[in-house]
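J.: The structure under discussion is supplied below as structure tokens; questions concerning it will follow.
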2 protein chains.
Amino acid sequence: MPDILHRIGFKNVAPQAVFDALVTADGLSRWWTEGTTGQGSAVGDVVHFQFGDRGFFDMKVVAVEMPTHLRWQVVDGPAEWVGTHVNWDLRQEGDYTILLFRHEGWKEVVEFMHHCSTKWGGFLLSLKDLLEGRTASPWPRDVHIDNWCDQVAA
Amino acid sequence: MPDILHRIGFKNVAPQAVFDALVTADGLSRWWTEGTTGQGSAVGDVVHFQFGDRGFFDMKVVAVEMPTHLRWQVVDGPAEWVGTHVNWDLRQEGDYTILLFRHEGWKEVVEFMHHCSTKWGGFLLSLKDLLEGRTASPWPRDVHIDNWCDQVAA
């Protein structure tokens, strides 16, 4: 099955600091969506990501090995996302913490998957901005990459 | 075989204007790499993309339907890239020209593929910046997403 893949590095940021931004609503709300609620630090936890009145994702933590691995299962949200998994693998490499990101298990290569691939890249750059001390861009201040973003923000 | 996918929209930009930025060295050098030479507007043309002394890609045009479709075959460059194809599909949708991008035919999901997925997203945002009148970020002024970019720029 096709996957969305990304690799990004966080300079002079420890793996634990990256991890913290992935497992708490406070951390997640600073780079992905301000509408984040819940907790995501233990297996079974569910985090809710709301994007105004336009949509949401519910992610259940199905694996966690602090601070190197986190795996979410999408349990509610757009039909194309439900049942897919989001994997976060972290390791230190010199001055960097390297993130290998994989959103896997898409049933088919739909146009929405293309969109989500580019959006994930943008949000990961937002996470990088946050952790390296620049201004991050969580929803609703995210970069509008295409007309679907305009609809979401309308 | 796994693919890199992206979707991006260019607001108030005609498909032909996007296409022009994909088939001439002048256009390509403004958003991907300043080290672009050659011509890429006809089947059989080869465009050379140089990134200083750190590497290059040679792309052969294998399909062109102006201004909606362009397909490159990678004929020289990193081993992981040679033999892969890069597809550009454009269409108008309201105020936008929508690009569906697909870099397909990777033999296996290597870490370099994760890196290239994120880099392609960044360069497509550079193309969007160029076409929408902002400052683009071609190499060597591209966003350094990870430690591999630092090595490339060293």
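How things are named: the first chain in the structure tokens is A, the next is B, and so on; residues count from 1 in each chain; ligands count from 1 in the order shown.
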For region 85-94 of chain B, please output as an MDAnalysis selection string all residues within 7 Å (counting only C-alpha atoms; exclusion window: fewer than 4 positions along the same chain).
T.: chainID B and resid 15 68:74 98:105
J.: If we count only C-alpha atoms and set the cut-off at 8 Å, which residues sit around Gly38 (chain A), ignoring sequence neighbours fewer than 6 positions away in its own chain? Please answer as a ChimeraX atom specification.
T.: /A:24-25,45-48
J.: For Thr118 (chain B), work out the shell of residues within 6 Å, counting only C-alpha atoms and skipping chain neighbours fewer than 3 positions away, then give it as a PyMOL selection string.
T.: (chain A and resi 6+121) or (chain B and resi 115+121)
J.: If you run DSSP over the backbone, which residues in chain B end up alpha helix (DSSP H)? Put them as a PyMOL selection string.
T.: chain B and resi 15-23+25-29+111-131+147-153
J.: Would you save the residues of that selection, restricted to C-alpha atoms, as a JSON list (two decimals), in the first residue's frame?
T.:
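This is the output file part-v5.json:
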[["chain", "number", "residue", "atom", "x", "y", "z"],
["B", 15, "PRO", "CA", -1.35, 26.51, -16.63],
["B", 16, "GLN", "CA", 0.89, 27.86, -19.40],
["B", 17, "ALA", "CA", 2.82, 30.03, -16.93],
["B", 18, "VAL", "CA", 3.45, 27.01, -14.71],
["B", 19, "PHE", "CA", 4.47, 24.99, -17.72],
["B", 20, "ASP", "CA", 6.93, 27.65, -18.84],
["B", 21, "ALA", "CA", 8.69, 27.35, -15.48],
["B", 22, "LEU", "CA", 9.12, 23.62, -16.09],
["B", 23, "VAL", "CA", 10.51, 23.47, -19.61],
["B", 25, "ALA", "CA", 16.48, 26.41, -18.02],
["B", 26, "ASP", "CA", 15.66, 30.00, -17.18],
["B", 27, "GLY", "CA", 12.37, 29.03, -15.55],
["B", 28, "LEU", "CA", 13.75, 25.98, -13.74],
["B", 29, "SER", "CA", 16.75, 27.92, -12.42],
["B", 111, "GLU", "CA", 15.81, 6.91, 3.79],
["B", 112, "PHE", "CA", 16.92, 9.06, 0.85],
["B", 113, "MET", "CA", 13.40, 8.74, -0.56],
["B", 114, "HIS", "CA", 11.95, 10.22, 2.65],
["B", 115, "HIS", "CA", 14.40, 13.12, 2.32],
["B", 116, "CYS", "CA", 13.59, 13.69, -1.34],
["B", 117, "SER", "CA", 9.84, 13.71, -0.63],
["B", 118, "THR", "CA", 10.22, 16.56, 1.84],
["B", 119, "LYS", "CA", 12.68, 18.39, -0.44],
["B", 120, "TRP", "CA", 10.32, 18.14, -3.43],
["B", 121, "GLY", "CA", 7.59, 19.69, -1.28],
["B", 122, "GLY", "CA", 9.90, 22.56, -0.41],
["B", 123, "PHE", "CA", 10.92, 23.16, -4.00],
["B", 124, "LEU", "CA", 7.29, 23.08, -5.15],
["B", 125, "LEU", "CA", 6.55, 25.79, -2.57],
["B", 126, "SER", "CA", 9.50, 27.67, -4.07],
["B", 127, "LEU", "CA", 7.83, 27.32, -7.50],
["B", 128, "LYS", "CA", 4.58, 28.60, -5.97],
["B", 129, "ASP", "CA", 6.41, 31.58, -4.48],
["B", 130, "LEU", "CA", 7.98, 32.36, -7.86],
["B", 131, "LEU", "CA", 4.72, 32.18, -9.79],
["B", 147, "ASN", "CA", 21.67, 17.34, 7.95],
["B", 148, "TRP", "CA", 21.92, 16.01, 4.38],
["B", 149, "CYS", "CA", 21.18, 19.51, 3.11],
["B", 150, "ASP", "CA", 24.04, 20.83, 5.22],
["B", 151, "GLN", "CA", 26.36, 18.28, 3.65],
["B", 152, "VAL", "CA", 25.20, 19.27, 0.19],
["B", 153, "ALA", "CA", 25.83, 22.92, 0.94]]
J.: Run DSSP on the backbone and grab whatever in region 11-150 of chain A lands in strand (DSSP E); send it over as JSON, numbers by chain.
T.: {"A": [11, 35, 36, 37, 38, 46, 47, 48, 49, 50, 56, 57, 58, 59, 60, 61, 62, 63, 64, 65, 69, 70, 71, 72, 73, 74, 75, 76, 85, 86, 87, 88, 89, 90, 91, 92, 93, 96, 97, 98, 99, 100, 101, 102, 103, 104]}
J.: Measuring between only C-alpha atoms, which one of B:Glu132, B:Ser41, B:Lys11, B:Lys107 shows the shortest distance to Pro67 (chain B)?
T.: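 Ranked by minimum distance to Pro67 (chain B), first place goes to B:Ser41.
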J.: Just checking: using only C-alpha atoms, which residue out of B:Asp53, B:Glu34, B:Glu108, B:Asp58 ends up closest to chain A?
T.: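 Result for the nearest residue to chain A: B:Glu108.
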J.: If you measure from CA of Pro138 (chain A) to CA of Thr33 (chain A), what distance in Å do you get, rounded to one decimal?
T.: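 For CA of Pro138 (chain A) relative to CA of Thr33 (chain A), the distance reads 4.8 Å.
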J.: Rank A:Val64, A:Ala79, A:Ile4, A:Gly9 by their smallest atom-to-atom distance to chain B, using only C-alpha atoms, and report the top residue only.
T.: A:Gly9
J.: When you look at Val43 (chain B) with a cut-off of 7 Å (counting only C-alpha atoms), what residues show up, excluding the ones that are within fewer than 5 positions of it in the same chain? I need them as a VMD selection string.
T.: chain B and resid 61 to 64
J.: Go ahead and write the selection's residues with C-alpha atoms as a CSV table (one decimal), in the first residue's frame.
T.:
chain,number,residue,atom,x,y,z
B,61,VAL,CA,11.8,14.6,-21.5
B,62,VAL,CA,9.8,11.5,-22.5
B,63,ALA,CA,6.3,13.0,-22.8
B,64,VAL,CA,5.0,16.5,-23.2
J.: What's the separation between CA of Arg134 (chain B) and CA of Ala136 (chain A), in Å to one decimal place?
T.: 19.5 Å
J.: What gap, in Å, lies between CA of Trp32 (chain B) and CA of Glu65 (chain B)?
T.: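 We find that CA of Trp32 (chain B) and CA of Glu65 (chain B) lie 21.5 Å from each other.
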